[in-house]
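**Student:** One structure, as structure tokens, below. Some questions next.
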Amino acid sequence: MLPFFDYTEVDTIFYEQHIAPRIPSKIFDVHVHIFQKSHVEMIPEKSVKAHWASECAHVLTCEDTHACARELYPDTEYGFAGFPTASPEADTKGMNNYVAKMGYEGKCVPLMMVRPEWDPEEIEREFLAGDFVGFKPYPGMVKGISSGEVGIFEFLPHEQWEILNRHKKSVMLHIGRKERFADAENIHDLLTAREKYPDVTIIIAHLGRSYNPYYLRIGLGKMGNPEGFYFDTTAVVNPDVYDMAFAKIPLQNILYGSDMHVLLWHGKREWDERNYYNFTRENFSWNTNRKSPEEEAAYTIFLYEQMKSILDAMDRHGLSESQKIGIFGENTKYALRINT
Ligand SMILES: [Zn+2]
């Protein structure tokens, strides 16, 4: 039993009822943050508590990730693309070295976290030496601007895009700005990147942070044809978002991601038009809006809720076995140009 979650009978029953009969025999997860305690222990408590996700994130090494996957999905062969956690206060270089080493040992496919102020030549040298398949930049790495206002070319400057384009590599984009995927400037920047850097595989994380259908609907409307972009499903649980994604985005451009290290607590999520509300039974400081003890006792691991939501949507949309296998990993291998 791993210390990450209190895995009980409720979880076993949920897995056997909702997941085991439908989960594919292989998963390649496009979105996992891995690091060691020494890389993050200097982050002040205040920053950890500043956002719900950082408070409930675990220190998760590469080995831990595989151990979690074995426990959560015992019948499934699991591989993943791994990258550092995105805290400006963490040891980003140390994490990049660690991720590269894990990649070298064949335990994950590594992406490099970049900071916007880093010297492009040095980045390129380390990128090639580490045999990374892409970059994972982050809006929160821009100093002096809140991530609610950071544009794509501010957190990933053009010189860094050029490195990726030269080497035909990938970028995992967690977009900033308050309106997320619905933001007209974000869409404009994405279209600019697609045109200017045609050899970069652009993965839009969290379906553009569309945790509610509102953002995806507006964003896809502004974008027009989403060809040429990949979208990961990381941390998306809302069934209506999956309905929209499966109806409007080419299925071969949708990639399963878990965001492991964050979503290992027990709970559920509710939504209104633009916000989501997490409910959990774990003792996080944000856990103030609680349901009855009976309801809380029935919660399962949040990653299971996400998995069920995807599998249900696949059934509703009548996806074929090969389309399912695609979303659960083959599309990612193609997008990242890897053959693992
Ligand atoms: Zn993430």
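Scheme for the structure tokens: letters A, B, ... for chains in order shown; per-chain residue numbers from 1; ligand numbers from 1 in order shown.
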Could you find all residues in region 145-240 of chain A that DSSP calls strand (DSSP E or B) from the backbone, and write them as a PDB file with N, CA and C atoms, in the first residue's frame?
**Tutor:**
ATOM      1  N   SER A 170       8.399  18.975 -29.354  1.00  0.00           N
ATOM      2  CA  SER A 170       7.039  19.265 -28.889  1.00  0.00           C
ATOM      3  C   SER A 170       7.005  20.307 -27.773  1.00  0.00           C
ATOM      4  N   VAL A 171       5.837  20.890 -27.601  1.00  0.00           N
ATOM      5  CA  VAL A 171       5.647  21.759 -26.441  1.00  0.00           C
ATOM      6  C   VAL A 171       4.316  21.417 -25.787  1.00  0.00           C
ATOM      7  N   MET A 172       4.369  21.343 -24.474  1.00  0.00           N
ATOM      8  CA  MET A 172       3.147  21.125 -23.691  1.00  0.00           C
ATOM      9  C   MET A 172       2.773  22.475 -23.111  1.00  0.00           C
ATOM     10  N   LEU A 173       1.695  23.063 -23.633  1.00  0.00           N
ATOM     11  CA  LEU A 173       1.331  24.445 -23.276  1.00  0.00           C
ATOM     12  C   LEU A 173       0.195  24.505 -22.266  1.00  0.00           C
ATOM     13  N   THR A 201       5.262  20.204 -32.456  1.00  0.00           N
ATOM     14  CA  THR A 201       4.015  19.563 -32.023  1.00  0.00           C
ATOM     15  C   THR A 201       3.487  20.373 -30.844  1.00  0.00           C
ATOM     16  N   ILE A 202       2.322  20.982 -31.023  1.00  0.00           N
ATOM     17  CA  ILE A 202       1.760  21.828 -29.958  1.00  0.00           C
ATOM     18  C   ILE A 202       0.668  21.048 -29.215  1.00  0.00           C
ATOM     19  N   ILE A 203       0.930  20.795 -27.951  1.00  0.00           N
ATOM     20  CA  ILE A 203      -0.070  20.108 -27.125  1.00  0.00           C
ATOM     21  C   ILE A 203      -0.680  21.139 -26.180  1.00  0.00           C
ATOM     22  N   ILE A 204      -1.976  21.328 -26.285  1.00  0.00           N
ATOM     23  CA  ILE A 204      -2.669  22.290 -25.429  1.00  0.00           C
ATOM     24  C   ILE A 204      -3.151  21.517 -24.195  1.00  0.00           C
ATOM     25  N   PHE A 229      -3.312  20.984 -33.844  1.00  0.00           N
ATOM     26  CA  PHE A 229      -3.111  21.091 -32.398  1.00  0.00           C
ATOM     27  C   PHE A 229      -3.502  19.776 -31.735  1.00  0.00           C
ATOM     28  N   TYR A 230      -2.749  19.420 -30.712  1.00  0.00           N
ATOM     29  CA  TYR A 230      -3.137  18.299 -29.866  1.00  0.00           C
ATOM     30  C   TYR A 230      -3.683  18.858 -28.561  1.00  0.00           C
ATOM     31  N   PHE A 231      -4.593  18.123 -27.969  1.00  0.00           N
ATOM     32  CA  PHE A 231      -5.234  18.565 -26.721  1.00  0.00           C
ATOM     33  C   PHE A 231      -5.109  17.455 -25.701  1.00  0.00           C
ATOM     34  N   ASP A 232      -4.598  17.758 -24.495  1.00  0.00           N
ATOM     35  CA  ASP A 232      -4.592  16.704 -23.480  1.00  0.00           C
ATOM     36  C   ASP A 232      -5.765  16.859 -22.518  1.00  0.00           C
TER      37      ASP A 232
END
**Student:** What's the 12 Å shell around Ile163 (chain A), counting only C-alpha atoms, without same-chain residues fewer than 5 positions away, as a list of chain:residue names?
**Tutor:**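 These residues fall inside the cut-off: A:Val114, A:Asp119, A:Pro120, A:Glu121, A:Glu122, A:Ile123, A:Glu124, A:Arg125, A:Glu126, A:Phe127, A:Leu128, A:Val133, A:Gly134, A:Phe135, A:Leu156, A:Pro157, A:His158, A:Lys168, A:Lys169, A:Ser170, A:Val171, A:Tyr197, A:Asp199, A:Val200.
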**Student:** Given the choices A:Phe35, A:Phe181, A:Trp52, A:Phe153, which gets closest to His206 (chain A) if the distance is worked out from only C-alpha atoms?
**Tutor:**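 Smallest separation from His206 (chain A) among the options: A:Phe181.
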**Student:** Could you tell me, counting only C-alpha atoms and all ligand atoms, which protein and nucleic acid residues lie no more than 12 Å from ligand 1, written as JSON, numbers by chain?
**Tutor:** {"A": [29, 30, 31, 32, 33, 34, 53, 54, 57, 81, 82, 83, 84, 85, 86, 87, 113, 136, 137, 138, 172, 173, 174, 175, 204, 205, 206, 207, 208, 209, 232, 233, 234, 235, 236, 257, 258, 259, 260, 261, 262, 263]}
**Student:** Hey, could you make a per-residue contact list for region 176-272 of chain A against region 279-292 of chain A with 12 Å as the cut-off, showing the nearest pair of atoms and its distance in Å to one decimal, counting only C-alpha atoms, sorted by chain and number, as JSON lines?
**Tutor:**
{"residue": "A:Leu263", "atom": "CA", "partner": "A:Thr280", "partner_atom": "CA", "distance": 10.9}
{"residue": "A:Leu264", "atom": "CA", "partner": "A:Glu282", "partner_atom": "CA", "distance": 10.5}
{"residue": "A:Trp265", "atom": "CA", "partner": "A:Glu282", "partner_atom": "CA", "distance": 6.9}
{"residue": "A:His266", "atom": "CA", "partner": "A:Thr280", "partner_atom": "CA", "distance": 5.6}
{"residue": "A:Gly267", "atom": "CA", "partner": "A:Thr280", "partner_atom": "CA", "distance": 4.2}
{"residue": "A:Lys268", "atom": "CA", "partner": "A:Phe279", "partner_atom": "CA", "distance": 5.2}
{"residue": "A:Arg269", "atom": "CA", "partner": "A:Phe279", "partner_atom": "CA", "distance": 5.9}
{"residue": "A:Glu270", "atom": "CA", "partner": "A:Phe279", "partner_atom": "CA", "distance": 8.0}
{"residue": "A:Trp271", "atom": "CA", "partner": "A:Phe279", "partner_atom": "CA", "distance": 11.2}
**Student:** Would you save the residues from that selection as an mmCIF file, in the first residue's frame, using C-alpha atoms?
**Tutor:**
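Here's the written file part_28.cif:
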data_model
loop_
_atom_site.group_PDB
_atom_site.id
_atom_site.type_symbol
_atom_site.label_atom_id
_atom_site.label_comp_id
_atom_site.auth_asym_id
_atom_site.auth_seq_id
_atom_site.Cartn_x
_atom_site.Cartn_y
_atom_site.Cartn_z
ATOM 1 C CA LEU A 263 -5.267 14.267 -8.383
ATOM 2 C CA LEU A 264 -4.671 11.413 -5.970
ATOM 3 C CA TRP A 265 -7.126 12.553 -3.295
ATOM 4 C CA HIS A 266 -10.708 11.307 -2.864
ATOM 5 C CA GLY A 267 -13.476 13.533 -4.084
ATOM 6 C CA LYS A 268 -15.861 14.903 -6.639
ATOM 7 C CA ARG A 269 -16.243 18.062 -8.631
ATOM 8 C CA GLU A 270 -19.247 20.269 -9.397
ATOM 9 C CA TRP A 271 -19.547 23.071 -11.922
#
**Student:** Taking into account only C-alpha atoms, which residue in the set A:Lys196, A:Lys93, A:Lys248, A:Arg180 is nearest to Glu162 (chain A)?
**Tutor:** A:Lys196
**Student:** Name the closest residue to Ala193 (chain A) among the candidates A:Gln160, A:Glu179, A:Gln36, A:Met307; distances are taken between atoms, counting only C-alpha atoms.
**Tutor:**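 Of A:Gln160, A:Glu179, A:Gln36, A:Met307, the one nearest Ala193 (chain A) is A:Gln160, counting only C-alpha atoms.
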**Student:** With only C-alpha atoms as the atoms that count, which of A:Val40, A:Gly94, A:Gly130, A:His167 lies nearest to Arg337 (chain A)?
**Tutor:**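 Among the listed residues, the smallest separation from Arg337 (chain A) belongs to A:His167.
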**Student:** If we count only C-alpha atoms, what is near Gln252 (chain A) at a cut-off of 7 Å, once residues fewer than 6 positions away on the same chain are taken out, given as number ranges by chain?
**Tutor:** A: 326-327, 331
**Student:** Here is a test: counting only C-alpha atoms, which residue of A:Thr332, A:Ser309, A:Asn186, A:Asn96 is nearest to Leu111 (chain A)?
**Tutor:**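 Counting only C-alpha atoms, the residue closest to Leu111 (chain A) is A:Asn96.
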**Student:** In terms of the shortest atom-to-atom distance over only C-alpha atoms, which of A:Asp131, A:Thr61, A:Asp183, A:Val237 is closest to Tyr276 (chain A)?
**Tutor:**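 Going through A:Asp131, A:Thr61, A:Asp183, A:Val237 one by one, the smallest distance to Tyr276 (chain A) is for A:Val237.
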**Student:** Would you pick out the contacts of Met141 (chain A) at 7 Å or less, using only C-alpha atoms, so that residues sharing its chain but fewer than 3 positions from it are not included, and give the list as a count of residues only?
**Tutor:** 4
**Student:** One decimal, in Å: what's the spacing between CA of Ala182 (chain A) and CA of Leu216 (chain A)?
**Tutor:**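 Going from CA of Ala182 (chain A) over to CA of Leu216 (chain A) covers 6.7 Å.
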**Student:** Would you please give, as number ranges by chain, all residues of region 42-229 of chain A that DSSP assigns to alpha helix (DSSP H) based on the backbone?
**Tutor:** A: 45-48, 52-55, 62-72, 92-104, 120-129, 152-155, 158-167, 184-196, 206-209, 213-223
